[in-house]
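The file coords08.csv comes next; it holds CSV, C-alpha atoms and all ligand atoms.
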```csv
chain,number,residue,atom,x,y,z
A,507,MET,CA,85.8,92.2,110.7
A,508,ARG,CA,89.0,90.3,110.9
A,509,ASP,CA,90.6,87.8,108.5
A,510,ILE,CA,90.3,84.4,110.3
A,511,LYS,CA,93.4,83.2,108.3
A,512,ASN,CA,95.6,85.6,110.2
A,513,PHE,CA,95.3,83.3,113.2
A,514,ASP,CA,97.3,80.1,113.7
A,515,LEU,CA,95.6,77.2,115.4
A,516,LYS,CA,96.7,78.1,118.9
A,517,GLU,CA,95.6,81.7,118.5
A,518,LEU,CA,92.3,80.6,117.1
A,519,GLU,CA,91.7,78.3,120.0
A,520,GLY,CA,92.3,81.3,122.2
A,521,GLU,CA,89.8,83.4,120.2
A,522,PHE,CA,87.2,80.6,120.6
A,523,LEU,CA,87.8,80.3,124.3
A,524,ALA,CA,87.3,84.1,124.6
A,525,LEU,CA,83.9,83.6,122.8
A,526,GLY,CA,83.0,81.0,125.3
A,527,ALA,CA,83.3,78.2,122.7
A,528,LYS,CA,85.1,74.9,122.9
A,529,PRO,CA,88.7,75.2,121.6
A,530,TYR,CA,88.4,72.0,119.6
A,531,HIS,CA,86.0,73.7,117.3
A,532,ALA,CA,88.9,75.8,116.1
A,533,ARG,CA,90.6,72.7,114.8
A,534,GLN,CA,87.3,71.8,113.0
A,535,VAL,CA,87.2,75.3,111.4
A,536,PHE,CA,90.8,74.9,110.3
A,537,SER,CA,89.9,71.6,108.6
A,538,TRP,CA,87.0,73.2,106.8
A,539,LEU,CA,89.2,76.1,105.6
A,540,TYR,CA,92.4,74.4,104.6
A,541,LYS,CA,91.4,70.8,103.9
A,542,ARG,CA,87.9,70.8,102.7
A,543,GLY,CA,87.9,74.2,100.9
A,544,VAL,CA,84.7,75.4,102.6
A,545,TRP,CA,84.8,79.2,103.2
A,546,ASP,CA,81.3,79.9,104.4
A,547,PHE,CA,80.8,79.4,108.2
A,548,ASN,CA,77.2,78.4,107.4
A,549,TYR,CA,78.3,75.2,105.8
A,550,MET,CA,80.6,74.1,108.6
A,551,SER,CA,78.1,71.4,109.8
A,552,ASP,CA,79.9,70.2,112.9
A,553,ILE,CA,80.1,73.7,114.4
A,554,PRO,CA,77.1,74.7,116.5
A,555,GLN,CA,74.7,77.0,114.8
A,556,SER,CA,75.1,79.8,117.3
A,557,LEU,CA,78.9,79.7,117.0
A,558,ARG,CA,78.7,79.8,113.2
A,559,LYS,CA,76.7,82.9,113.5
A,560,GLU,CA,79.2,84.5,115.9
A,561,LEU,CA,82.1,83.6,113.7
A,562,ALA,CA,80.3,85.1,110.6
A,563,ASP,CA,79.8,88.3,112.6
A,564,ARG,CA,83.4,88.6,113.7
A,565,PHE,CA,85.5,87.1,110.9
A,566,TYR,CA,85.7,86.8,107.2
A,567,VAL,CA,87.4,84.0,105.3
A,568,LEU,CA,88.2,85.3,101.8
A,569,GLY,CA,89.1,88.9,101.2
A,570,PHE,CA,90.2,88.8,97.6
A,571,ARG,CA,88.3,88.6,94.4
A,572,LEU,CA,89.5,87.0,91.3
A,573,LEU,CA,90.3,89.7,88.8
A,574,LYS,CA,91.6,87.7,86.0
A,575,HIS,CA,93.1,84.3,85.1
A,576,LEU,CA,95.3,83.4,82.2
A,577,ASP,CA,96.0,79.8,81.0
A,578,SER,CA,99.2,78.8,79.2
A,579,GLN,CA,99.2,76.0,76.7
A,580,ASP,CA,101.5,74.1,79.0
A,581,GLY,CA,98.9,74.0,81.8
A,582,THR,CA,100.3,76.9,83.8
A,583,ARG,CA,97.6,79.1,85.2
A,584,LYS,CA,98.2,82.6,86.4
A,585,ILE,CA,95.7,84.4,88.6
A,586,LEU,CA,95.4,88.0,89.5
A,587,LEU,CA,93.7,88.7,92.8
A,588,GLY,CA,92.2,92.0,93.9
A,589,SER,CA,92.4,93.1,97.5
A,590,LYS,CA,89.7,95.2,99.3
A,591,ASP,CA,92.1,98.2,99.2
A,592,ASN,CA,92.4,97.9,95.5
A,593,ASN,CA,95.8,96.3,95.1
A,594,SER,CA,96.5,93.5,92.7
A,595,ILE,CA,98.3,90.3,93.7
A,596,GLU,CA,99.5,87.7,91.3
A,597,ALA,CA,100.0,84.0,91.9
A,598,VAL,CA,100.7,81.1,89.5
A,599,VAL,CA,100.0,77.4,89.5
A,600,ILE,CA,102.4,75.2,87.6
A,601,PRO,CA,101.6,71.6,87.0
A,602,ALA,CA,104.5,69.3,86.0
A,603,LYS,CA,104.3,65.5,86.0
A,604,SER,CA,103.6,64.5,89.6
A,605,ARG,CA,104.0,67.9,91.1
A,606,VAL,CA,101.8,70.9,91.2
A,607,THR,CA,103.7,74.0,92.3
A,608,GLY,CA,102.0,77.2,93.5
A,609,CYS,CA,104.0,80.4,93.1
A,610,LEU,CA,103.2,83.0,95.7
A,611,SER,CA,103.7,86.7,96.1
A,612,SER,CA,104.8,88.0,99.5
A,613,GLN,CA,104.2,91.8,99.0
A,614,VAL,CA,102.4,94.2,96.8
A,615,GLY,CA,105.2,95.4,94.6
A,616,CYS,CA,108.8,95.3,95.7
A,617,LYS,CA,111.3,97.8,97.1
A,618,TYR,CA,114.4,96.3,95.7
A,619,GLY,CA,114.2,97.4,92.1
A,620,CYS,CA,116.3,94.7,90.4
A,621,SER,CA,116.8,95.9,86.8
A,622,PHE,CA,115.5,92.8,85.0
A,623,CYS,CA,112.4,92.3,87.1
A,624,ALA,CA,108.9,93.5,86.5
A,625,SER,CA,107.9,93.3,90.1
A,626,GLY,CA,109.7,96.4,91.2
A,627,MET,CA,108.6,98.6,88.3
A,628,LEU,CA,105.4,99.8,90.0
A,629,GLY,CA,107.2,100.5,93.2
A,630,PHE,CA,106.4,99.1,96.7
A,631,LYS,CA,102.9,99.3,98.1
A,632,ARG,CA,102.7,97.1,101.2
A,633,ASP,CA,103.3,93.8,102.8
A,634,LEU,CA,100.8,91.0,102.4
A,635,THR,CA,99.3,89.7,105.6
A,636,THR,CA,99.6,86.1,106.8
A,637,GLY,CA,95.9,85.6,105.8
A,638,GLU,CA,96.5,87.1,102.3
A,639,ILE,CA,99.5,84.8,101.7
A,640,LEU,CA,97.4,81.8,102.7
A,641,GLU,CA,94.6,83.0,100.6
A,642,GLU,CA,96.8,83.0,97.5
A,643,ALA,CA,97.5,79.3,98.2
A,644,ILE,CA,93.8,78.6,98.7
A,645,TYR,CA,92.9,80.2,95.4
A,646,LEU,CA,95.7,78.3,93.6
A,647,LYS,CA,94.6,75.0,95.2
A,648,ASP,CA,91.1,75.8,94.0
A,649,ASN,CA,92.4,76.5,90.5
A,650,ALA,CA,94.6,73.4,90.3
A,651,LEU,CA,93.5,70.2,88.6
A,652,GLU,CA,91.8,68.0,91.3
A,653,ASN,CA,92.5,70.8,93.8
A,654,ARG,CA,96.0,69.4,94.3
A,655,LEU,CA,98.9,71.6,95.3
A,656,THR,CA,102.1,69.7,96.2
A,657,HIS,CA,104.8,72.4,96.3
A,658,LEU,CA,104.9,76.1,97.2
A,659,VAL,CA,107.5,78.7,96.1
A,660,PHE,CA,107.8,82.3,97.2
A,661,MET,CA,108.9,83.5,93.8
A,662,GLY,CA,106.1,85.8,92.9
A,663,THR,CA,106.1,89.6,93.6
A,664,GLY,CA,108.0,90.9,96.6
A,665,GLU,CA,110.9,90.0,98.8
A,666,PRO,CA,109.8,87.4,101.4
A,667,MET,CA,112.6,88.3,103.8
A,668,ASP,CA,111.3,91.9,103.9
A,669,ASN,CA,107.9,90.6,105.2
A,670,TYR,CA,109.5,87.9,107.3
A,671,ASP,CA,107.1,87.4,110.2
A,672,ASN,CA,104.0,87.2,108.0
A,673,VAL,CA,105.7,84.8,105.6
A,674,ILE,CA,107.0,82.5,108.3
A,675,LYS,CA,103.6,82.4,110.1
A,676,ALA,CA,101.9,81.6,106.8
A,677,ILE,CA,104.4,78.9,106.1
A,678,ARG,CA,103.9,77.3,109.5
A,679,ILE,CA,100.1,77.1,108.8
A,680,MET,CA,100.8,75.7,105.3
A,681,ASN,CA,103.1,73.2,106.8
A,682,SER,CA,101.0,72.1,109.7
A,683,SER,CA,99.0,68.9,109.7
A,684,ALA,CA,95.9,70.9,110.7
A,685,GLY,CA,96.5,73.4,107.9
A,686,LEU,CA,97.5,72.7,104.3
A,687,ASN,CA,99.8,69.9,105.4
A,688,ILE,CA,102.5,70.6,102.8
A,689,GLY,CA,105.9,69.4,103.8
A,690,ALA,CA,108.5,72.0,104.7
A,691,ARG,CA,110.9,70.5,102.1
A,692,ARG,CA,108.3,71.3,99.5
A,693,ILE,CA,108.2,74.9,100.4
A,694,THR,CA,110.8,77.3,98.9
A,695,ILE,CA,111.7,80.8,100.0
A,696,SER,CA,113.5,82.8,97.3
A,697,THR,CA,115.5,85.8,98.4
A,698,SER,CA,117.5,88.5,96.7
A,699,GLY,CA,120.1,87.9,99.4
A,700,ILE,CA,118.9,89.7,102.5
A,701,ILE,CA,121.5,88.4,105.0
A,702,PRO,CA,119.7,89.0,108.3
A,703,GLY,CA,116.7,87.1,106.9
A,704,ILE,CA,118.8,84.1,105.9
A,705,GLU,CA,120.4,84.1,109.4
A,706,ARG,CA,117.0,84.2,111.0
A,707,LEU,CA,115.7,81.5,108.8
A,708,SER,CA,118.6,79.2,109.8
A,709,SER,CA,117.2,79.2,113.4
A,710,GLU,CA,113.6,78.5,112.6
A,711,GLY,CA,114.0,74.7,112.8
A,712,LEU,CA,112.1,74.4,109.5
A,713,GLN,CA,113.4,72.2,106.7
A,714,LEU,CA,112.5,74.7,104.0
A,715,GLU,CA,114.2,75.0,100.7
A,716,LEU,CA,116.3,78.2,100.3
A,717,SER,CA,116.8,79.8,96.9
A,718,VAL,CA,119.0,82.9,96.5
A,719,SER,CA,118.6,85.0,93.4
A,720,LEU,CA,122.3,85.5,92.4
A,721,HIS,CA,122.2,86.5,88.7
A,722,ALA,CA,125.8,87.7,88.7
A,723,ALA,CA,129.1,86.5,90.3
A,724,THR,CA,131.0,89.7,90.7
A,725,ASP,CA,130.0,92.6,92.9
A,726,GLY,CA,130.4,95.1,90.1
A,727,LEU,CA,127.9,93.4,87.8
A,728,ARG,CA,125.6,92.2,90.6
A,729,SER,CA,125.3,95.7,92.0
A,730,THR,CA,124.2,97.1,88.7
A,731,LEU,CA,121.5,94.4,88.3
A,732,MET,CA,120.5,94.1,91.9
A,733,PRO,CA,121.0,97.3,94.0
A,734,VAL,CA,120.6,95.2,97.2
A,735,ASN,CA,124.1,93.9,96.5
A,736,LYS,CA,125.5,97.2,97.7
A,737,VAL,CA,124.1,96.5,101.1
A,738,TYR,CA,124.7,92.7,101.2
A,739,PRO,CA,127.7,92.1,98.9
A,740,LEU,CA,128.7,88.7,97.5
A,741,ARG,CA,131.4,87.6,100.0
A,742,GLU,CA,129.2,88.1,103.0
A,743,LEU,CA,126.2,86.6,101.2
A,744,ILE,CA,128.0,83.4,100.2
A,745,TYR,CA,129.5,83.2,103.7
A,746,THR,CA,126.0,83.5,105.2
A,747,CYS,CA,124.6,80.8,102.8
A,748,LYS,CA,127.4,78.5,103.8
A,749,GLU,CA,126.7,79.0,107.4
A,750,TYR,CA,123.0,78.3,106.7
A,751,SER,CA,123.8,75.1,104.9
A,752,LEU,CA,126.1,74.0,107.7
A,753,LYS,CA,123.6,74.7,110.4
A,754,THR,CA,120.5,73.3,108.6
A,755,ARG,CA,122.4,70.6,106.5
A,756,ARG,CA,120.2,71.8,103.6
A,757,GLN,CA,121.3,72.6,100.1
A,758,VAL,CA,121.1,76.2,98.9
A,759,THR,CA,120.0,76.9,95.4
A,760,PHE,CA,121.4,79.9,93.5
A,761,GLU,CA,119.1,81.2,90.8
A,762,TYR,CA,120.9,82.6,87.8
A,763,ILE,CA,118.9,84.2,84.9
A,764,LEU,CA,120.9,84.2,81.7
A,765,ILE,CA,120.6,87.6,80.0
A,766,LYS,CA,121.9,88.3,76.6
A,767,GLY,CA,125.2,90.2,76.5
A,768,LEU,CA,125.2,90.8,80.2
A,769,ASN,CA,125.9,87.9,82.5
A,770,SER,CA,126.0,84.8,80.2
A,771,SER,CA,129.5,84.7,78.7
A,772,LEU,CA,132.1,82.0,79.5
A,773,ARG,CA,133.9,84.6,81.7
A,774,ASP,CA,130.8,85.0,83.7
A,775,ALA,CA,130.6,81.2,84.1
A,776,GLU,CA,134.2,81.2,85.3
A,777,ASP,CA,133.4,83.9,87.9
A,778,LEU,CA,130.5,81.8,89.0
A,779,PHE,CA,132.7,78.8,89.4
A,780,ARG,CA,135.2,80.8,91.5
A,781,LEU,CA,132.4,82.0,93.7
A,782,LEU,CA,130.9,78.6,94.5
A,783,LYS,CA,133.8,76.2,94.0
A,784,ASP,CA,134.2,75.3,97.7
A,785,PHE,CA,130.5,75.5,98.6
A,786,LYS,CA,129.7,71.8,98.9
A,787,LEU,CA,125.9,72.1,99.3
A,788,ALA,CA,125.3,74.7,96.6
A,789,LYS,CA,123.3,74.1,93.5
A,790,VAL,CA,123.0,76.5,90.5
A,791,ASN,CA,119.7,76.8,88.7
A,792,LEU,CA,120.1,78.5,85.3
A,793,ILE,CA,117.0,80.3,84.1
A,794,PRO,CA,116.4,81.5,80.6
A,795,SER,CA,115.4,85.1,81.2
A,796,ASN,CA,111.9,86.1,80.3
A,797,TYR,CA,111.6,88.9,77.8
A,798,ILE,CA,109.8,91.8,79.3
A,799,PRO,CA,109.3,94.5,76.7
A,800,GLU,CA,109.4,97.3,79.3
A,801,LEU,CA,112.9,96.3,80.3
A,802,ARG,CA,116.0,96.3,78.1
A,803,PHE,CA,117.0,92.7,78.6
A,804,ALA,CA,116.7,89.8,76.2
A,805,PRO,CA,117.2,86.1,76.9
A,806,ALA,CA,120.7,84.7,76.2
A,807,ALA,CA,120.9,82.7,72.9
A,808,LYS,CA,120.6,78.9,73.2
A,809,ASP,CA,124.3,78.2,72.3
A,810,SER,CA,125.6,80.6,75.0
A,811,VAL,CA,123.3,78.9,77.5
A,812,ASP,CA,124.8,75.6,76.5
A,813,ILE,CA,128.4,76.8,76.7
A,814,PHE,CA,127.7,78.4,80.2
A,815,LYS,CA,126.1,75.2,81.5
A,816,ASP,CA,128.7,72.8,80.0
A,817,TYR,CA,131.5,74.8,81.6
A,818,LEU,CA,129.8,74.5,85.1
A,819,VAL,CA,129.1,70.8,84.6
A,820,LYS,CA,132.7,70.1,83.7
A,821,SER,CA,133.9,72.2,86.7
A,822,ARG,CA,131.7,69.9,88.9
A,823,ILE,CA,129.3,72.6,89.9
A,824,ASN,CA,125.9,71.1,90.6
A,825,VAL,CA,123.8,72.7,87.9
A,826,THR,CA,120.4,72.5,86.4
A,827,LEU,CA,118.6,74.3,83.6
A,828,ARG,CA,115.1,75.3,84.4
A,829,LYS,CA,112.5,74.9,81.7
A,830,GLU,CA,110.7,78.1,81.2
A,831,ARG,CA,107.0,77.7,81.9
A,832,GLY,CA,104.0,79.8,81.0
A,833,GLU,CA,105.9,82.1,78.7
A,834,ASP,CA,102.9,82.7,76.5
A,835,ILE,CA,101.0,84.2,79.6
A,836,ASN,CA,103.8,86.3,81.0
A,837,ALA,CA,104.3,84.0,83.9
A,838,ALA,CA,107.5,85.7,85.1
A,839,CYS,CA,107.3,87.5,88.4
A,840,GLY,CA,105.3,90.8,88.3
A,841,GLN,CA,104.5,90.7,84.6
A,842,LEU,CA,100.7,90.3,84.8
A,843,ARG,CA,100.4,93.0,87.5
A,844,LEU,CA,102.4,95.3,85.3
A,845,ASN,CA,100.2,94.6,82.2
A,846,TYR,CA,97.1,95.0,84.2
A,847,ALA,CA,98.2,98.3,85.7
A,848,LYS,CA,98.9,99.6,82.2
A,849,ASN,CA,95.4,98.9,80.9
A,901,LIG,N1,112.4,88.8,95.8
A,901,LIG,C1,112.7,87.4,95.8
A,901,LIG,C2,111.5,86.6,95.5
A,901,LIG,C3,110.9,86.8,94.1
A,901,LIG,S1,111.5,85.6,93.2
A,901,LIG,C4,113.9,87.1,94.9
A,901,LIG,O1,114.3,88.0,94.2
A,901,LIG,O2,114.4,86.0,95.0
A,901,LIG,C5,111.3,86.1,91.6
A,901,LIG,C6,112.2,85.3,90.8
A,901,LIG,O3,112.0,85.6,89.5
A,901,LIG,C7,113.7,85.7,91.1
A,901,LIG,O4,114.6,84.6,91.1
A,901,LIG,C8,113.9,86.6,90.1
A,901,LIG,O5,115.3,86.8,89.9
A,901,LIG,C9,113.2,86.0,88.9
A,901,LIG,N2,112.9,86.9,87.8
A,901,LIG,C10,112.7,88.3,87.9
A,901,LIG,N3,112.6,88.8,86.7
A,901,LIG,C11,112.8,87.8,85.8
A,901,LIG,C12,112.8,87.7,84.3
A,901,LIG,N4,112.7,88.8,83.6
A,901,LIG,N5,113.0,86.5,83.8
A,901,LIG,C13,113.2,85.4,84.5
A,901,LIG,N6,113.2,85.4,85.9
A,901,LIG,C14,113.0,86.6,86.5
A,902,LIG,FE1,112.1,92.3,94.1
A,902,LIG,FE2,113.0,89.8,93.8
A,902,LIG,FE3,112.1,91.3,91.7
A,902,LIG,FE4,114.4,91.9,92.8
A,902,LIG,S1,114.0,90.0,91.7
A,902,LIG,S2,112.8,93.4,92.3
A,902,LIG,S3,114.0,91.5,95.0
A,902,LIG,S4,111.0,90.6,93.4
```
As structure tokens, what does this structure read like?
Amino acid sequence: MRDIKNFDLKELEGEFLALGAKPYHARQVFSWLYKRGVWDFNYMSDIPQSLRKELADRFYVLGFRLLKHLDSQDGTRKILLGSKDNNSIEAVVIPAKSRVTGCLSSQVGCKYGCSFCASGMLGFKRDLTTGEILEEAIYLKDNALENRLTHLVFMGTGEPMDNYDNVIKAIRIMNSSAGLNIGARRITISTSGIIPGIERLSSEGLQLELSVSLHAATDGLRSTLMPVNKVYPLRELIYTCKEYSLKTRRQVTFEYILIKGLNSSLRDAEDLFRLLKDFKLAKVNLIPSNYIPELRFAPAAKDSVDIFKDYLVKSRINVTLRKERGEDINAACGQLRLNYAKN
């Protein structure tokens, strides 16, 4: 049995042709799956009975089961999905005014071992398939109020650039009018700074949002927080991001978690200013860090957050402060998986 969501529309048309079926039925099946939220071939009423049976013999639609969901008082819902090979995958839906954002994982675990992040703590297991990534979005849509999902961000577990092909294929299906029909500008890839991935992304012709997890503005500090910095150091990373923004004419967002006593002093803010001062299309998104008991880090105090932010504002860096969501349900990346694995 194969996961039908691993096929894009063109490939599925090919599969249908090979079965002796009309290719336009592939588009109808797409519509049932991604628009109407029907996952049982039996209920796809405009597909001939015999084809429905053949499809059910050859393909499955949903491979995960819902292990757990957690609701935050602010409306954020986190879900933990279980795969057939007994891995757990977490995804979050975050409603905010007119938007409903789905936060997706791209891998089971993560190789990169950033010291502040729960995702890497259980090590790396495997990449998620295209179908599995889409399935997270399907589950989130199903769990969202009025089944509405307007934005998607790859900020769950894993490094999307390390599972590039499956992530991009899933994004193309999410973006396509036959699929989830979510605009590319509403889909964000977040990376720890994998330079070859950013270079590849600049040639995809997709208007995606790119976020780079920066978290420190000097190589010395960044390498201790994010070992990946030793492979892709700051100068090259910022250069690549500038090239990316020149080529795509898109803004690049730099994520910066403020951790107490580590990267949140005025000197750190000055370093950040120096790093980005001549990067026209850069934006800094400051994030109050999530407290993860297993890790040594605590969030920076509110007054140092304010001093840090004010300095950047005065220095004319484009900066925002992200409101922390879902804190009461451990909504930060990897936290639910970690707690589940401990039980
Ligand atoms: N691997 C990619 C995608 C995962 S994104 C990346 O690193 O960008 C996960 C986001 O959550 C990243 O911006 C990461 O830095 C952030 N994050 C990890 N641990 C966190 C914590 N304890 N508090 C707040 N944000 C955290
Ligand atoms: Fe992996 Fe990103 Fe977490 Fe680093 S921050 S361990 S790259 S998921």
- Item | Selection near region 704-716 of chain A, 8 Å with only C-alpha atoms, sequence-local residues under 4 positions removed, as an NGL selection string | :A and (667 or 690-697 or 699-700 or 746-747 or 750 or 753-754 or 756-759)
Check your understanding: At a cut-off of 9 Å from (96.3, 77.6, 104.1) in the coordinates of the file, what residues are picked up using all atoms listed in the file, written as a ChimeraX atom specification?
Key -> /A:511,536,539-541,637,639-644,676-677,679-681,685-687
So which residues are near ligand LIG 902 (chain A), meaning at most 9 Å away with all atoms listed in the file counted, given back as a PDB file with C-alpha atoms, in the coordinates of the input?
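Below is the file that was written, pocket.pdb:
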```pdb
ATOM      1  CA  SER A 611     103.700  86.700  96.100  1.00  0.00           C
ATOM      2  CA  GLN A 613     104.200  91.800  99.000  1.00  0.00           C
ATOM      3  CA  GLY A 615     105.200  95.400  94.600  1.00  0.00           C
ATOM      4  CA  CYS A 616     108.800  95.300  95.700  1.00  0.00           C
ATOM      5  CA  LYS A 617     111.300  97.800  97.100  1.00  0.00           C
ATOM      6  CA  TYR A 618     114.400  96.300  95.700  1.00  0.00           C
ATOM      7  CA  GLY A 619     114.200  97.400  92.100  1.00  0.00           C
ATOM      8  CA  CYS A 620     116.300  94.700  90.400  1.00  0.00           C
ATOM      9  CA  SER A 621     116.800  95.900  86.800  1.00  0.00           C
ATOM     10  CA  PHE A 622     115.500  92.800  85.000  1.00  0.00           C
ATOM     11  CA  CYS A 623     112.400  92.300  87.100  1.00  0.00           C
ATOM     12  CA  ALA A 624     108.900  93.500  86.500  1.00  0.00           C
ATOM     13  CA  SER A 625     107.900  93.300  90.100  1.00  0.00           C
ATOM     14  CA  GLY A 626     109.700  96.400  91.200  1.00  0.00           C
ATOM     15  CA  MET A 627     108.600  98.600  88.300  1.00  0.00           C
ATOM     16  CA  MET A 661     108.900  83.500  93.800  1.00  0.00           C
ATOM     17  CA  GLY A 662     106.100  85.800  92.900  1.00  0.00           C
ATOM     18  CA  THR A 663     106.100  89.600  93.600  1.00  0.00           C
ATOM     19  CA  GLY A 664     108.000  90.900  96.600  1.00  0.00           C
ATOM     20  CA  GLU A 665     110.900  90.000  98.800  1.00  0.00           C
ATOM     21  CA  PRO A 666     109.800  87.400 101.400  1.00  0.00           C
ATOM     22  CA  SER A 696     113.500  82.800  97.300  1.00  0.00           C
ATOM     23  CA  THR A 697     115.500  85.800  98.400  1.00  0.00           C
ATOM     24  CA  SER A 698     117.500  88.500  96.700  1.00  0.00           C
ATOM     25  CA  GLY A 699     120.100  87.900  99.400  1.00  0.00           C
ATOM     26  CA  SER A 719     118.600  85.000  93.400  1.00  0.00           C
ATOM     27  CA  LEU A 731     121.500  94.400  88.300  1.00  0.00           C
ATOM     28  CA  MET A 732     120.500  94.100  91.900  1.00  0.00           C
ATOM     29  CA  PRO A 733     121.000  97.300  94.000  1.00  0.00           C
ATOM     30  CA  VAL A 734     120.600  95.200  97.200  1.00  0.00           C
ATOM     31  CA  CYS A 839     107.300  87.500  88.400  1.00  0.00           C
ATOM     32  CA  GLY A 840     105.300  90.800  88.300  1.00  0.00           C
TER      33      GLY A 840
END
```
Local residues around (132.3, 82.0, 82.9), at most 10 Å away, using only C-alpha atoms, as a PDB file with C-alpha atoms, in the frame of the given file:
```pdb
ATOM      1  CA  ALA A 723     129.100  86.500  90.300  1.00  0.00           C
ATOM      2  CA  ASN A 769     125.900  87.900  82.500  1.00  0.00           C
ATOM      3  CA  SER A 770     126.000  84.800  80.200  1.00  0.00           C
ATOM      4  CA  SER A 771     129.500  84.700  78.700  1.00  0.00           C
ATOM      5  CA  LEU A 772     132.100  82.000  79.500  1.00  0.00           C
ATOM      6  CA  ARG A 773     133.900  84.600  81.700  1.00  0.00           C
ATOM      7  CA  ASP A 774     130.800  85.000  83.700  1.00  0.00           C
ATOM      8  CA  ALA A 775     130.600  81.200  84.100  1.00  0.00           C
ATOM      9  CA  GLU A 776     134.200  81.200  85.300  1.00  0.00           C
ATOM     10  CA  ASP A 777     133.400  83.900  87.900  1.00  0.00           C
ATOM     11  CA  LEU A 778     130.500  81.800  89.000  1.00  0.00           C
ATOM     12  CA  PHE A 779     132.700  78.800  89.400  1.00  0.00           C
ATOM     13  CA  ARG A 780     135.200  80.800  91.500  1.00  0.00           C
ATOM     14  CA  ILE A 813     128.400  76.800  76.700  1.00  0.00           C
ATOM     15  CA  PHE A 814     127.700  78.400  80.200  1.00  0.00           C
ATOM     16  CA  LYS A 815     126.100  75.200  81.500  1.00  0.00           C
ATOM     17  CA  TYR A 817     131.500  74.800  81.600  1.00  0.00           C
ATOM     18  CA  LEU A 818     129.800  74.500  85.100  1.00  0.00           C
TER      19      LEU A 818
END
```
Students should find that CA of Ile595 (chain A) and CA of Pro794 (chain A) are spaced 24.0 Å
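CA of Ile763 (chain A) to CA of Val673 (chain A) spans 24.6 Å [interatomic distance, one decimal].
Taking all atoms listed in the file, the non-local environment of region 518-534 of chain A within 10 Å (same-chain residues fewer than 6 positions away omitted) comprises Ile510, Lys511, Asn512, Met550, Ser551, Asp552, Ile553, Pro554, Ser556, Leu557, Glu560, Leu561, Ala684 and Gly685 of chain A.
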Atom C6 of ligand LIG 901 (chain A) to CA of Phe760 (chain A) measures 11.0 Å
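Of the listed residues A:His721, A:Arg728, A:Lys829, A:Lys786, the one whose atoms come nearest to ligand LIG 901 (chain A) is A:His721, with distances taken using all atoms listed in the file.
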**Prompt:** Could you pull the residues within 7 Å of Ile793 (chain A), counting all atoms listed in the file, minus those fewer than 6 positions along the same chain, as a PyMOL selection string?
**Reply:** chain A and resi 762-764+827-828
Counting all atoms listed in the file, the residue among A:Arg822, A:Lys766, A:Lys647, A:Lys808 that lies closest to ligand LIG 901 (chain A) is A:Lys766
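Closest approach to ligand LIG 901 (chain A) among A:Lys736, A:Arg654, A:Asn669, A:Asp784 is made by A:Asn669 (distances from all atoms listed in the file).
Remark: for Asn735 (chain A), the closest of the candidate residues A:Ala722, A:Leu658, A:Ile585, A:Ser537 is A:Ala722 (distances computed over all atoms listed in the file).
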Residue with the minimum atom-to-atom distance to Arg632 (chain A), picked from A:Lys574, A:Asn593, A:Ser604, A:Leu655 with all atoms listed in the file counted, is A:Asn593
Enclose ligand LIG 901 (chain A), meaning all of its atoms listed in the file, in a box aligned along x, y and z, pad it by 5 Å on each side, and list the centre and edge lengths in Å to one decimal, as lines of an AutoDock Vina configuration file.
```
center_x = 113.1
center_y = 86.7
center_z = 89.7
size_x = 14.4
size_y = 14.2
size_z = 22.2
```
Of A:Leu740, A:Ser612, A:Leu727, A:Leu651, the one sitting nearest ligand LIG 901 (chain A) when using all atoms listed in the file is A:Ser612
